Every structure is written in structure tokens, then in C-alpha cells.
$ cat query_39.txt   # compact mmCIF, C-alpha atoms
# COMPACT_ATOMS: atom_id res chain seq x y z
CA MET A 288 17.23 25.01 14.48
CA GLY A 289 17.13 25.90 10.78
CA ASN A 290 15.53 22.55 10.13
CA VAL A 291 12.71 23.21 12.59
CA ARG A 292 12.01 26.58 10.99
CA ASN A 293 11.96 24.89 7.60
CA ILE A 294 9.36 22.35 8.69
CA GLY A 295 7.33 25.20 10.22
CA THR A 296 7.41 27.07 6.91
CA ILE A 297 6.27 23.98 5.01
CA ILE A 298 3.37 23.34 7.41
CA LEU A 299 2.29 26.99 7.29
CA GLN A 300 2.38 26.97 3.48
CA ILE A 301 0.39 23.74 3.32
CA ILE A 302 -2.24 25.47 5.48
CA ILE A 303 -2.35 28.33 2.95
CA LEU A 304 -2.84 25.73 0.19
CA SER A 305 -5.69 24.11 2.14
CA ILE A 306 -7.49 27.45 2.26
CA PHE A 307 -7.47 27.48 -1.55
CA TYR A 308 -8.72 23.90 -1.58
CA LEU A 309 -11.57 24.77 0.83
CA ILE A 310 -12.61 27.79 -1.23
CA GLY A 311 -12.48 25.58 -4.33
CA THR A 312 -14.82 22.99 -2.81
CA TRP A 313 -17.22 25.72 -1.66
CA ILE A 314 -17.35 27.19 -5.16
CA GLN A 315 -17.94 23.73 -6.63
CA ALA A 316 -20.76 22.96 -4.20
CA PHE A 317 -22.33 26.40 -4.52
CA PHE A 318 -22.45 26.48 -8.33
CA ASN A 319 -22.84 22.69 -8.62
CA ILE A 320 -20.14 22.29 -11.30
CA ILE A 321 -18.42 19.12 -12.52
CA ILE A 322 -14.86 20.44 -12.13
CA PRO A 323 -13.50 19.24 -8.74
CA GLY A 324 -12.75 21.66 -5.92
CA SER A 325 -9.02 20.97 -6.01
CA ILE A 326 -8.77 22.04 -9.65
CA ILE A 327 -10.83 25.17 -8.94
CA GLY A 328 -8.49 25.88 -6.01
CA MET A 329 -5.50 25.42 -8.29
CA LEU A 330 -6.90 27.82 -10.89
CA LEU A 331 -7.65 30.38 -8.13
CA LEU A 332 -4.12 30.14 -6.74
CA PHE A 333 -2.72 30.46 -10.26
CA LEU A 334 -4.85 33.56 -10.87
CA LEU A 335 -3.63 35.21 -7.66
CA LEU A 336 -0.01 34.40 -8.52
CA MET A 337 -0.37 35.80 -12.03
CA THR A 338 -2.01 39.03 -10.88
CA LYS A 339 0.75 39.37 -8.23
CA LYS A 340 -1.81 39.43 -5.40
CA LEU A 341 0.13 36.59 -3.79
CA ASN A 342 3.90 36.20 -3.64
CA VAL A 343 5.01 32.82 -4.96
CA ASN A 344 7.45 32.45 -2.04
CA TRP A 345 4.46 32.12 0.30
CA VAL A 346 3.53 28.76 -1.17
CA SER A 347 6.54 27.45 -3.12
CA GLU A 348 8.13 25.37 -0.31
CA GLY A 349 4.87 23.67 0.68
CA SER A 350 4.03 23.02 -2.95
CA LYS A 351 7.46 21.55 -3.68
CA THR A 352 7.13 19.18 -0.71
CA LEU A 353 3.65 17.95 -1.67
CA ILE A 354 4.60 17.38 -5.32
CA LYS A 355 7.70 15.46 -4.24
CA LEU A 356 5.50 13.20 -2.07
CA LEU A 357 2.96 12.44 -4.82
CA PRO A 358 3.76 8.74 -5.25
CA LEU A 359 3.27 8.24 -1.49
CA LEU A 360 -0.11 9.99 -1.61
CA PHE A 361 -1.31 7.64 -4.36
CA ILE A 362 -0.55 4.40 -2.50
CA PRO A 363 -3.81 4.15 -0.47
CA ALA A 364 -5.97 4.63 -3.58
CA THR A 365 -4.04 1.94 -5.44
CA THR A 366 -4.43 -0.46 -2.55
CA GLY A 367 -8.23 -0.09 -2.78
CA ILE A 368 -8.09 -2.73 -5.52
CA ILE A 369 -8.12 -5.44 -2.78
CA ASN A 370 -11.87 -5.02 -2.57
CA TYR A 371 -12.40 -5.39 -6.32
CA PHE A 372 -10.47 -8.47 -7.35
CA HIS A 373 -13.74 -10.09 -8.45
CA LEU A 374 -14.13 -7.52 -11.24
CA PHE A 375 -11.28 -9.10 -13.14
CA SER A 376 -12.87 -12.48 -13.52
CA GLY A 377 -14.60 -13.40 -16.79
CA ARG A 378 -14.96 -10.63 -19.31
CA GLY A 379 -13.34 -8.21 -16.84
CA VAL A 380 -9.93 -9.57 -17.85
CA LEU A 381 -10.38 -7.68 -21.12
CA LEU A 382 -10.05 -4.44 -19.17
CA PHE A 383 -6.29 -4.93 -18.98
CA PRO A 384 -5.52 -5.12 -22.72
CA ILE A 385 -7.91 -2.20 -23.27
CA ALA A 386 -6.16 -0.08 -20.65
CA LEU A 387 -2.72 -1.09 -21.94
CA SER A 388 -3.27 -0.45 -25.65
CA SER A 389 -5.19 2.78 -25.23
CA THR A 390 -2.58 4.18 -22.81
CA LEU A 391 0.27 3.39 -25.21
CA MET A 392 -1.66 5.06 -28.03
CA VAL A 393 -2.12 8.21 -25.95
CA ILE A 394 1.61 8.43 -25.17
CA LEU A 395 2.65 7.87 -28.78
CA ILE A 396 0.21 10.26 -30.39
CA ALA A 397 0.67 13.06 -27.84
CA GLY A 398 4.47 12.79 -28.08
CA THR A 399 4.62 12.50 -31.87
CA VAL A 400 2.19 15.32 -32.58
CA SER A 401 3.86 17.78 -30.22
CA GLN A 402 7.37 16.90 -31.41
CA TYR A 403 6.24 17.34 -35.03
CA LEU A 404 4.71 20.74 -34.27
CA GLY A 405 7.88 21.75 -32.39
CA ARG A 406 10.09 20.89 -35.38
CA LYS A 407 7.85 22.73 -37.80
CA ARG A 408 8.10 25.77 -35.58
CA LEU A 409 11.91 25.59 -35.53
CA ARG A 410 12.02 25.33 -39.33
CA ASN A 411 9.76 28.35 -39.70
CA HIS A 412 12.13 30.35 -37.55
CA GLU A 413 15.16 29.55 -39.68
CA MET B 210 -12.06 7.08 19.86
CA ILE B 211 -8.90 5.30 20.98
CA THR B 212 -9.42 2.52 18.45
CA LEU B 213 -9.96 5.06 15.68
CA LEU B 214 -6.73 6.87 16.54
CA GLY B 215 -4.97 3.53 16.70
CA THR B 216 -6.29 2.56 13.25
CA VAL B 217 -5.18 5.87 11.75
CA PHE B 218 -1.77 5.56 13.35
CA PHE B 219 -1.35 1.97 12.18
CA CYS B 220 -2.48 2.74 8.60
CA VAL B 221 -0.21 5.75 8.27
CA LEU B 222 2.68 3.75 9.71
CA ILE B 223 2.40 0.75 7.35
CA THR B 224 1.89 3.09 4.37
CA LEU B 225 5.04 5.04 5.22
CA LEU B 226 6.93 1.82 5.83
CA SER B 227 5.98 0.35 2.44
CA TYR B 228 6.78 3.65 0.73
CA PHE B 229 10.27 3.89 2.21
CA ILE B 230 11.08 0.29 1.34
CA GLY B 231 9.82 0.85 -2.23
CA LEU B 232 11.83 4.06 -2.49
CA LYS B 233 15.00 2.41 -1.18
CA LEU B 234 14.62 -0.39 -3.69
CA TYR B 235 14.19 2.09 -6.55
CA ARG B 236 17.21 4.13 -5.47
CA LYS B 237 19.32 1.00 -5.43
CA TYR B 238 18.00 -0.32 -8.75
CA PRO B 239 16.67 2.66 -10.74
CA LYS B 240 14.57 0.74 -13.27
CA ASP B 241 11.24 2.05 -14.57
CA TRP B 242 9.46 -1.22 -13.78
CA LEU B 243 10.51 -0.89 -10.13
CA ASN B 244 8.56 2.35 -9.80
CA PRO B 245 8.12 2.99 -6.05
CA LEU B 246 4.35 3.47 -6.34
CA TYR B 247 3.96 0.00 -7.77
CA THR B 248 6.36 -1.83 -5.47
CA SER B 249 5.05 -0.05 -2.35
CA SER B 250 1.44 -0.83 -3.25
CA VAL B 251 2.19 -4.51 -3.78
CA LEU B 252 4.07 -4.58 -0.50
CA LEU B 253 1.24 -2.81 1.31
CA ILE B 254 -1.36 -5.20 -0.10
CA ILE B 255 0.72 -8.13 1.17
CA LEU B 256 1.06 -6.45 4.58
CA LEU B 257 -2.69 -5.88 4.78
CA LEU B 258 -3.41 -9.49 3.86
CA VAL B 259 -0.88 -10.81 6.37
CA THR B 260 -2.10 -8.60 9.23
CA HIS B 261 -5.77 -9.35 8.33
CA VAL B 262 -6.64 -5.67 8.14
CA ASN B 263 -9.92 -5.12 6.33
CA GLY B 264 -9.57 -3.08 3.09
CA ASP B 265 -12.33 -0.66 4.14
CA THR B 266 -10.74 -0.11 7.55
CA TYR B 267 -7.49 0.74 5.83
CA GLN B 268 -9.18 3.21 3.48
CA GLU B 269 -10.79 4.96 6.45
CA GLY B 270 -7.53 5.05 8.37
CA SER B 271 -5.58 6.53 5.48
CA PHE B 272 -7.88 9.47 4.71
CA ILE B 273 -5.07 11.91 5.47
CA PHE B 274 -3.24 10.85 2.29
CA ASN B 275 -6.28 11.59 0.16
CA LEU B 276 -6.59 15.03 1.71
CA LEU B 277 -2.92 15.76 1.01
CA LEU B 278 -3.45 14.54 -2.55
CA GLN B 279 -6.11 17.22 -3.07
CA LEU B 280 -3.70 19.82 -1.69
CA ALA B 281 -0.98 18.53 -4.05
CA ILE B 282 -3.33 19.24 -6.97
CA VAL B 283 -3.82 22.81 -5.71
CA SER B 284 -0.05 23.24 -5.45
CA LEU B 285 0.45 22.38 -9.13
CA ALA B 286 -0.37 26.07 -9.71
CA VAL B 287 3.17 26.89 -8.59
CA PRO B 288 5.15 25.05 -11.32
CA LEU B 289 2.54 26.29 -13.79
CA PHE B 290 3.19 29.87 -12.69
CA LYS B 291 6.96 29.50 -12.71
CA GLN B 292 7.04 28.15 -16.26
CA TRP B 293 4.34 30.41 -17.67
CA SER B 294 6.50 32.21 -20.24
CA LEU B 295 7.67 28.88 -21.63
CA LEU B 296 4.12 27.61 -21.82
CA LYS B 297 2.82 30.73 -23.51
CA LYS B 298 5.41 30.24 -26.23
CA HIS B 299 4.28 26.66 -26.86
CA TYR B 300 0.55 26.93 -26.32
CA LYS B 301 -0.38 25.68 -29.81
CA LYS B 302 1.75 22.58 -29.48
CA ILE B 303 0.33 21.90 -26.02
CA CYS B 304 -3.33 22.24 -26.98
CA ILE B 305 -3.07 20.21 -30.19
CA GLY B 306 -0.85 17.50 -28.64
CA VAL B 307 -3.06 17.05 -25.60
CA ILE B 308 -6.35 17.11 -27.50
CA CYS B 309 -5.09 14.59 -30.09
CA GLY B 310 -3.75 12.26 -27.39
CA THR B 311 -6.75 12.49 -25.08
CA GLY B 312 -9.24 12.34 -27.96
CA LEU B 313 -7.64 9.22 -29.38
CA GLY B 314 -7.57 7.56 -25.95
CA LEU B 315 -11.26 8.29 -25.51
CA THR B 316 -12.10 6.89 -28.96
CA ALA B 317 -9.94 3.79 -28.46
CA VAL B 318 -11.61 2.92 -25.16
CA SER B 319 -15.12 3.43 -26.52
CA VAL B 320 -14.47 1.41 -29.69
CA MET B 321 -12.79 -1.48 -27.85
CA SER B 322 -15.52 -1.64 -25.19
CA TYR B 323 -18.07 -1.83 -27.99
CA VAL B 324 -16.14 -4.51 -29.89
CA PHE B 325 -15.63 -6.64 -26.78
CA HIS B 326 -19.27 -6.13 -25.65
CA LEU B 327 -18.39 -4.76 -22.22
CA ASN B 328 -21.44 -3.70 -20.29
CA GLU B 329 -22.30 -0.02 -19.97
CA GLN B 330 -21.23 0.16 -16.36
CA LEU B 331 -17.70 -1.08 -17.08
CA THR B 332 -17.40 1.14 -20.16
CA ALA B 333 -18.46 4.14 -18.11
CA SER B 334 -15.82 3.28 -15.55
CA LEU B 335 -13.13 3.04 -18.24
CA ILE B 336 -13.88 6.18 -20.27
CA PRO B 337 -12.54 8.79 -17.84
CA ARG B 338 -9.49 6.71 -16.96
CA SER B 339 -6.93 9.00 -18.49
CA VAL B 340 -7.91 12.10 -16.53
CA THR B 341 -6.51 13.08 -13.19
CA LEU B 342 -8.09 11.10 -10.34
CA PRO B 343 -10.53 13.58 -8.72
CA ILE B 344 -11.99 14.58 -12.10
CA ALA B 345 -12.17 10.98 -13.27
CA ILE B 346 -14.27 10.04 -10.26
CA THR B 347 -16.73 12.86 -10.92
CA ILE B 348 -17.07 12.01 -14.62
CA SER B 349 -17.43 8.29 -13.91
CA SER B 350 -20.26 8.69 -11.43
CA ASP B 351 -22.01 11.11 -13.79
CA LEU B 352 -21.86 8.49 -16.55
CA GLY B 353 -23.12 5.76 -14.21
CA GLY B 354 -19.80 3.93 -13.75
CA ILE B 355 -18.34 2.30 -10.64
CA THR B 356 -16.00 4.89 -9.13
CA THR B 357 -13.62 2.44 -7.48
CA THR B 358 -13.03 0.70 -10.82
CA THR B 359 -12.27 4.09 -12.27
CA VAL B 360 -9.80 4.82 -9.48
CA PHE B 361 -8.09 1.56 -10.20
CA PHE B 362 -7.90 2.13 -13.94
CA VAL B 363 -6.65 5.67 -13.61
CA ILE B 364 -3.79 4.25 -11.60
CA VAL B 365 -3.21 1.21 -13.84
CA SER B 366 -3.03 3.50 -16.87
CA ALA B 367 -0.63 5.79 -15.04
CA LEU B 368 1.54 2.85 -14.01
CA ILE B 369 1.58 1.47 -17.56
CA SER B 370 2.75 4.83 -18.85
CA LEU B 371 5.34 5.17 -16.10
CA ILE B 372 6.74 1.70 -16.67
CA ILE B 373 6.61 1.53 -20.48
CA GLY B 374 6.31 5.23 -21.41
CA PRO B 375 9.93 6.39 -21.14
CA LYS B 376 11.16 3.42 -23.19
CA LEU B 377 8.39 3.78 -25.75
CA LEU B 378 9.20 7.46 -26.26
CA LYS B 379 12.86 6.60 -26.79
CA ARG B 380 11.99 3.85 -29.30
CA ALA B 381 9.66 6.18 -31.19
CA GLY B 382 12.48 8.71 -31.49
CA ILE B 383 10.74 11.38 -29.42
CA LYS B 384 13.58 13.41 -27.97
CA SER B 385 12.12 16.90 -27.66
CA LYS B 386 11.98 17.87 -23.98
CA SER B 387 8.53 19.37 -24.14
CA ALA B 388 7.11 16.50 -26.21
CA LYS B 389 8.31 13.98 -23.62
CA GLY B 390 6.79 15.92 -20.73
CA LEU B 391 3.59 16.45 -22.65
CA ALA B 392 3.17 12.77 -23.52
CA MET B 393 3.76 11.71 -19.91
CA GLY B 394 1.43 14.36 -18.49
CA THR B 395 -1.35 13.44 -20.90
CA SER B 396 -1.11 9.70 -20.25
CA ALA B 397 -0.19 9.51 -16.55
CA GLN B 398 -1.38 12.92 -15.21
CA MET B 399 0.01 13.70 -11.76
CA LEU B 400 2.38 10.77 -11.74
CA GLY B 401 3.49 11.53 -15.28
CA ALA B 402 4.13 15.16 -14.39
CA ASN B 403 6.10 13.92 -11.42
CA ARG B 404 8.10 11.54 -13.62
CA SER B 405 8.84 14.25 -16.20
CA LEU B 406 10.11 16.50 -13.42
CA SER B 407 12.88 13.95 -12.90
CA TRP B 408 13.97 14.60 -16.52
CA GLY B 409 14.13 18.33 -15.89
CA GLU B 410 12.23 21.58 -15.18
CA GLU B 411 10.96 22.08 -18.74
CA GLU B 412 9.68 18.50 -19.04
CA GLY B 413 8.05 18.79 -15.62
CA ALA B 414 6.26 22.03 -16.44
CA MET B 415 5.00 20.55 -19.71
CA GLY B 416 3.84 17.50 -17.81
CA SER B 417 1.74 19.46 -15.33
CA VAL B 418 0.26 21.73 -17.97
CA ALA B 419 -0.61 18.71 -20.11
CA MET B 420 -2.37 17.16 -17.13
CA THR B 421 -4.44 20.29 -16.52
CA THR B 422 -5.30 20.74 -20.20
CA SER B 423 -6.41 17.14 -20.66
CA ALA B 424 -8.47 17.31 -17.46
CA LEU B 425 -10.27 20.45 -18.58
CA PHE B 426 -10.74 19.07 -22.11
CA LEU B 427 -12.22 15.79 -20.85
CA SER B 428 -14.47 17.31 -18.20
CA ILE B 429 -16.06 19.40 -20.95
CA SER B 430 -16.11 16.89 -23.80
CA VAL B 431 -17.14 13.66 -22.03
CA PRO B 432 -20.61 14.85 -20.94
CA ILE B 433 -21.21 16.09 -24.50
CA ILE B 434 -20.10 12.78 -26.05
CA ALA B 435 -22.24 10.85 -23.58
CA THR B 436 -25.31 12.83 -24.60
CA VAL B 437 -24.58 12.32 -28.30
CA LEU B 438 -24.09 8.53 -27.86
CA ASN B 439 -27.39 8.19 -26.01
CA LEU B 440 -29.30 9.69 -28.93

$ encode --input "query_39.txt" --output "C-alpha cells"
Amino acid sequence: MGNVRNIGTIILQIIILSIFYLIGTWIQAFFNIIIPGSIIGMLLLFLLLMTKKLNVNWVSEGSKTLIKLLPLLFIPATTGIINYFHLFSGRGVLLFPIALSSTLMVILIAGTVSQYLGRKRLRNHE
Amino acid sequence: MITLLGTVFFCVLITLLSYFIGLKLYRKYPKDWLNPLYTSSVLLIILLLVTHVNGDTYQEGSFIFNLLLQLAIVSLAVPLFKQWSLLKKHYKKICIGVICGTGLGLTAVSVMSYVFHLNEQLTASLIPRSVTLPIAITISSDLGGITTTTVFFVIVSALISLIIGPKLLKRAGIKSKSAKGLAMGTSAQMLGANRSLSWGEEEGAMGSVAMTTSALFLSISVPIIATVLNL
């Protein structure tokens, strides 16, 4: 019985999250801005949580479930590559080394810079 | 109507099936290169080829996953809220780390595309590849890129960082919890934030804030850079 109630809570909370998504897409369409509706919805939800207009317990279970399922939600988009195999012929092959090297650079520089700043901060505190 | 329902049912079913097999495999052999997203996608592609399901039909039938993905982005507000005090303490580190990482990625892609003489359309599809998916699509179409290529490269970049990232960070001697989360969030966005969450709460929070910061930074800076380059 507890399990059924749990699933009910999750579904209800996901519905609350969809309201934020809908409002986000409306705002995006109305003001014609580049930032996607989902991000606007996220910022709105964050704002309401911060100003204590909305209790975090109203959305935390639904949010936890969705975030846990992220890899599953990405599968269909990844599979879309079936239709674009032809892009990787000829010069398109170069896209792979470009994606690989630039991604590794991003990881290294973001990690190194923030670790360096973190250490400096610790030293200043001593 | 019946065929449409059947298609949706079939698509959801084979997606779930591939996901659970991929997940089982990863639980049994927890290696980074066996990341469930990658194994499940390969499995699903094989399934689609074997069952002769058209790629477009599958995309139509699996729309529910894309909708839930949008909702998952909205729900990132919750970890952000829960870890706010931690983030406020580190805001300088976050902003500088993310901007350096994202900025360098942007420069690297533009320079390499120029050196290798890629056409404008491909370059435009590559530039937004390290932002979270929905934003990347918007930026790509604004720049005149092919959105599906962008989708693919966002995911390839994320997979590269998921598979190589944790090892690379270890090799480079990056041990700080927040630096690890930040690097993963900047390079693999949603998936990186998800991966950092498996290290711990602090890493996970850093991951999702890094994703949001880099998304906001890119959606503002890319249109400006594009205008400057056209001059």
C-alpha cells in the first residue's frame, strides 16, 4: 500500500514540475528568447523555492526520480544517429577527433582551474 | 490510432528493455566504458536494425522520453536549492572554472574547424556541443547548423567525458570534490551532473550548477561571437 502511495506522490509531483515547464515555454514563446522553456521553468521553480513560496517537499520526490532516470531519457536522442551515418564519411570523420580533444580540454581546464582556486582559498584562510 | 498506440508501446518497450540490460551489465561490471547510456543505445540501434523499424518512426514513438527529459531539466532546481549555501560559498570558483572550461572548448572547436576547413554548417553544428541539449539545439539552429548533428555531438561529447573523464581527473591529480563535479558538469552537462552525483552530494550539486552556468554563459556569448566573426 505504501508503495502505491509513493508512486502516486511521484506522479503528482511530476505534474507540478510539468506546470513549471509549460509556464517556461509560454514565457519563451511570448518574449521570443533564446533560453529554452525548460531552463526558464527551472529558474522559476528555483526562485519559488528560494523565496519559500513553495515547499521543497512538494517536488523533491518527483525530481529525485527524474534525475535518477536521466540516462534512460537520453537513449532515444542518441539513437537518432541512425539517420545520420552518412555525415561521418569523408571530411566528417574529422568531427570525432575534434569532439574528443576539445572535450578533454574542457574537463582538464575546468577541473584544474577550480581546484587551484579552491586551494588558494584554503591557504588564505590559514 | 491503433497503429500509433502500438508504435508508442513498442518503442517504449524496446527502450526500457535495452536500458535494463545496459544497467544490469553496468551493475555487474562497473567500468566507466560500460556506461549504461552507451551500451543501451548500441543495443537499441541493433534492435531497431534487426526489427526493421524506421529511425523516424522510432523517434515519433519515443516522444514521451523527450518530454520527461525537459521535466528533468526543470527538476534540477531542487538539488540547486538544497546545496545553495555550499554554492554561495564557492561562487567565484564556479564562475571562473566554468567560464575558462567552456570558453576554451568554444575556442578549440572554432580553431580546429578552421584548420581542417570544415564547412560552415558543420562548424555551426559543433560549436554549441558542450551545452545542455535543449539549449544546444536552439543555438545551433540560430547559427545555421544541422540540429540533429548537434544532438549527436552533445551526446558524443558527454559520453567521451563520462568514459574518459573520471580517469583523466585522477591522472591529472584533481581530487577536490567540487572541482571534480564542476569539471564533469561543464563537459557532460546533465549526464556529468548525474555521474558526479554518484561520487557524492557535493560533487553532484557542483555538477548541476556547472551545467546551468555553462548553459547560461554559452547562450549569451555564442550569438555575440557569431556576430563578431561575421564582421

$ interface_residues --input "query_39.txt" --of "chain A" --to "chain B" --cutoff "7 Å" --atoms "all atoms listed in the file" --output "ChimeraX atom specification"
/A:304-305,308,321-323,325-326,328-330,332-333,336-337,347,350,353-354,358-360,362-363,365-370,385-387,389-394,396-402,404-405

$ atom_distance --input "query_39.txt" --atom1 "CA of Glu411 (chain B)" --atom2 "CA of Leu296 (chain B)"
9.3 Å

$ atom_distance --input "query_39.txt" --atom1 "CA of Leu341 (chain A)" --atom2 "CA of Arg292 (chain A)"
21.4 Å

$ atom_distance --input "query_39.txt" --atom1 "CA of Gln398 (chain B)" --atom2 "CA of Ser417 (chain B)"
7.2 Å
